[in-house]
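For reference, coords.cif (mmCIF, C-alpha atoms):
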data_my_file
loop_
_atom_site.label_atom_id
_atom_site.label_comp_id
_atom_site.auth_asym_id
_atom_site.auth_seq_id
_atom_site.Cartn_x
_atom_site.Cartn_y
_atom_site.Cartn_z
CA MET A 2 -17.12 53.42 -34.15
CA ARG A 3 -16.96 54.16 -30.42
CA THR A 4 -14.80 51.07 -29.89
CA TRP A 5 -12.48 52.12 -32.72
CA ILE A 6 -12.07 55.54 -31.06
CA THR A 7 -11.43 54.13 -27.59
CA ASP A 8 -8.98 51.52 -28.91
CA THR A 9 -7.08 54.22 -30.77
CA THR A 10 -7.00 56.44 -27.68
CA ARG A 11 -5.84 53.54 -25.51
CA GLY A 12 -2.96 52.94 -27.92
CA LEU A 13 -1.98 56.60 -28.04
CA LEU A 14 -2.04 56.91 -24.26
CA ALA A 15 0.05 53.77 -23.85
CA ASP A 16 2.72 55.10 -26.23
CA ARG A 17 2.35 58.89 -26.01
CA PRO A 18 3.70 60.81 -28.96
CA PRO A 19 6.15 63.63 -28.23
CA GLY A 20 4.81 67.16 -28.04
CA GLY A 21 2.37 67.21 -25.17
CA PRO A 22 -0.98 65.68 -24.37
CA VAL A 23 -3.01 63.67 -26.86
CA THR A 24 -5.60 65.77 -28.71
CA LEU A 25 -8.90 65.00 -30.38
CA ASP A 26 -7.28 65.85 -33.72
CA GLU A 27 -4.57 63.21 -33.17
CA ILE A 28 -7.10 60.61 -32.08
CA ALA A 29 -9.29 61.31 -35.11
CA ALA A 30 -6.32 61.16 -37.50
CA CYS A 31 -5.11 57.87 -36.05
CA ALA A 32 -8.62 56.42 -36.11
CA GLY A 33 -8.96 57.43 -39.76
CA ILE A 34 -11.94 59.73 -39.20
CA THR A 35 -12.49 63.47 -39.13
CA THR A 36 -12.47 65.40 -35.87
CA HIS A 37 -16.06 66.40 -36.65
CA HIS A 38 -17.03 62.71 -36.85
CA LEU A 39 -15.18 61.94 -33.60
CA ARG A 40 -17.05 64.78 -31.86
CA ALA A 41 -20.32 63.05 -32.71
CA TYR A 42 -19.24 60.45 -30.15
CA TYR A 43 -17.01 62.34 -27.71
CA SER A 44 -16.68 66.01 -26.82
CA SER A 45 -13.20 65.80 -25.26
CA VAL A 46 -10.21 63.59 -24.63
CA ILE A 47 -11.27 63.46 -20.97
CA ALA A 48 -14.64 62.00 -22.01
CA ILE A 49 -12.84 59.22 -23.89
CA ILE A 50 -10.52 58.56 -20.94
CA ASN A 51 -13.52 58.41 -18.60
CA ASP A 52 -15.15 55.87 -20.92
CA LEU A 53 -11.95 53.80 -20.84
CA ALA A 54 -11.76 54.03 -17.04
CA SER A 55 -15.36 52.90 -16.65
CA GLY A 56 -14.45 49.61 -18.28
CA SER A 57 -17.35 49.91 -20.67
CA THR A 58 -15.11 49.34 -23.68
CA GLU A 59 -12.97 46.30 -24.32
CA PRO A 60 -10.08 46.50 -26.79
CA THR A 61 -10.87 44.91 -30.15
CA HIS A 62 -8.62 46.63 -32.66
CA GLY A 63 -6.36 49.62 -32.96
CA GLY A 64 -6.31 52.67 -35.12
CA ARG A 65 -3.83 53.50 -37.84
CA CYS A 66 -1.13 55.00 -35.61
#
Have the structure of the file written as structure tokens, please.
Amino acid sequence: MRTWITDTTRGLLADRPPGGPVTLDEIAACAGITTHHLRAYYSSVIAIINDLASGSTEPTHGGRC
């Protein structure tokens, strides 16, 4: 699940939707999970970005967006 979330976030950050910064709600919706479920893995968008920057996650598949 963590990889699904990070892949989805990577895709959203690469092609930012209009309307401001990416939110946890957008990431959850695009990943096909609830925000509550996403928060079981990450507490903020910054936490996901930090995980991406650390190189600990390799892209495997994208979300629904």
* **Straight-line distance linking CA of Asn51 (chain A) with CA of Thr7 (chain A), stated in Å to one decimal** => 10.2 Å
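Running the PyMOL selection byres ((chain A and resi 14-17) around 12) on this file leaves A:Thr7, A:Asp8, A:Thr9, A:Thr10, A:Arg11, A:Gly12, A:Leu13, A:Pro18, A:Pro19, A:Gly20, A:Gly21, A:Pro22, A:Val23, A:Thr24, A:Glu27, A:Ile28, A:Val46, A:Ile47, A:Ile49, A:Ile50, A:Leu53, A:Gly63, A:Cys66 selected.
Taking CA of Met2 (chain A) as the reference point, CA of Leu39 (chain A) is found at 8.8 Å.
Distance-wise, CA of His38 (chain A) and CA of Ser55 (chain A) end up 22.5 Å apart.
Within 9 Å of Asp26 (chain A), once all atoms listed in the file are used and residues closer than 5 positions along the same chain are dropped, the contacting residues are A:Cys31, A:Thr35, A:Thr36, A:Leu39.
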Region 21-46 of chain A written out with N, CA, C and O atoms as a tab-separated table (two decimals), in the first residue's frame:
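Printed below is out.tsv as written:
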chain	number	residue	atom	x	y	z
A	21	GLY	N	-3.70	24.72	-6.61
A	21	GLY	CA	-2.86	24.76	-5.43
A	21	GLY	C	-2.11	23.48	-5.19
A	21	GLY	O	-2.05	22.60	-6.05
A	22	PRO	N	-1.55	23.36	-3.99
A	22	PRO	CA	-0.73	22.19	-3.68
A	22	PRO	C	-1.55	20.90	-3.58
A	22	PRO	O	-2.75	20.93	-3.34
A	23	VAL	N	-0.88	19.80	-3.78
A	23	VAL	CA	-1.51	18.48	-3.66
A	23	VAL	C	-1.86	18.23	-2.20
A	23	VAL	O	-1.08	18.55	-1.30
A	24	THR	N	-3.03	17.67	-1.96
A	24	THR	CA	-3.48	17.40	-0.59
A	24	THR	C	-3.58	15.89	-0.34
A	24	THR	O	-3.60	15.09	-1.28
A	25	LEU	N	-3.66	15.53	0.94
A	25	LEU	CA	-3.84	14.12	1.28
A	25	LEU	C	-5.15	13.59	0.71
A	25	LEU	O	-5.22	12.44	0.28
A	26	ASP	N	-6.19	14.42	0.69
A	26	ASP	CA	-7.47	13.99	0.13
A	26	ASP	C	-7.34	13.64	-1.35
A	26	ASP	O	-7.88	12.63	-1.80
A	27	GLU	N	-6.60	14.45	-2.10
A	27	GLU	CA	-6.39	14.18	-3.53
A	27	GLU	C	-5.59	12.90	-3.72
A	27	GLU	O	-5.91	12.08	-4.60
A	28	ILE	N	-4.55	12.74	-2.93
A	28	ILE	CA	-3.72	11.55	-3.05
A	28	ILE	C	-4.55	10.31	-2.74
A	28	ILE	O	-4.50	9.32	-3.48
A	29	ALA	N	-5.32	10.36	-1.68
A	29	ALA	CA	-6.16	9.22	-1.30
A	29	ALA	C	-7.16	8.89	-2.41
A	29	ALA	O	-7.33	7.73	-2.78
A	30	ALA	N	-7.83	9.93	-2.94
A	30	ALA	CA	-8.81	9.71	-3.99
A	30	ALA	C	-8.17	9.07	-5.22
A	30	ALA	O	-8.73	8.13	-5.80
A	31	CYS	N	-7.02	9.58	-5.61
A	31	CYS	CA	-6.34	9.03	-6.79
A	31	CYS	C	-5.79	7.62	-6.55
A	31	CYS	O	-5.67	6.83	-7.48
A	32	ALA	N	-5.44	7.33	-5.30
A	32	ALA	CA	-4.95	5.99	-4.97
A	32	ALA	C	-6.09	5.00	-4.77
A	32	ALA	O	-5.87	3.80	-4.65
A	33	GLY	N	-7.32	5.53	-4.71
A	33	GLY	CA	-8.48	4.65	-4.54
A	33	GLY	C	-8.67	4.18	-3.11
A	33	GLY	O	-9.21	3.09	-2.89
A	34	ILE	N	-8.22	4.98	-2.15
A	34	ILE	CA	-8.38	4.64	-0.74
A	34	ILE	C	-8.97	5.84	0.00
A	34	ILE	O	-9.03	6.94	-0.54
A	35	THR	N	-9.38	5.63	1.23
A	35	THR	CA	-9.89	6.74	2.02
A	35	THR	C	-8.72	7.52	2.62
A	35	THR	O	-7.62	6.99	2.77
A	36	THR	N	-8.99	8.78	2.96
A	36	THR	CA	-7.96	9.58	3.61
A	36	THR	C	-7.58	8.95	4.94
A	36	THR	O	-6.40	8.95	5.32
A	37	HIS	N	-8.56	8.39	5.63
A	37	HIS	CA	-8.29	7.72	6.91
A	37	HIS	C	-7.29	6.57	6.71
A	37	HIS	O	-6.35	6.41	7.50
A	38	HIS	N	-7.48	5.80	5.66
A	38	HIS	CA	-6.57	4.69	5.35
A	38	HIS	C	-5.18	5.22	5.01
A	38	HIS	O	-4.17	4.68	5.46
A	39	LEU	N	-5.11	6.29	4.21
A	39	LEU	CA	-3.83	6.88	3.85
A	39	LEU	C	-3.09	7.34	5.11
A	39	LEU	O	-1.89	7.14	5.23
A	40	ARG	N	-3.82	7.94	6.04
A	40	ARG	CA	-3.20	8.45	7.28
A	40	ARG	C	-2.64	7.33	8.16
A	40	ARG	O	-1.83	7.59	9.04
A	41	ALA	N	-3.02	6.10	7.91
A	41	ALA	CA	-2.42	4.98	8.63
A	41	ALA	C	-0.96	4.80	8.20
A	41	ALA	O	-0.16	4.23	8.95
A	42	TYR	N	-0.62	5.32	7.03
A	42	TYR	CA	0.74	5.21	6.50
A	42	TYR	C	1.51	6.52	6.57
A	42	TYR	O	2.71	6.52	6.81
A	43	TYR	N	0.83	7.63	6.30
A	43	TYR	CA	1.48	8.94	6.25
A	43	TYR	C	0.61	9.98	6.93
A	43	TYR	O	-0.60	10.00	6.73
A	44	SER	N	1.26	10.88	7.67
A	44	SER	CA	0.52	11.92	8.38
A	44	SER	C	0.41	13.22	7.59
A	44	SER	O	-0.39	14.09	7.95
A	45	SER	N	1.20	13.36	6.53
A	45	SER	CA	1.17	14.60	5.75
A	45	SER	C	1.75	14.36	4.36
A	45	SER	O	2.43	13.35	4.11
A	46	VAL	N	1.49	15.32	3.48
A	46	VAL	CA	2.06	15.26	2.14
A	46	VAL	C	3.58	15.37	2.24
A	46	VAL	O	4.31	14.68	1.52
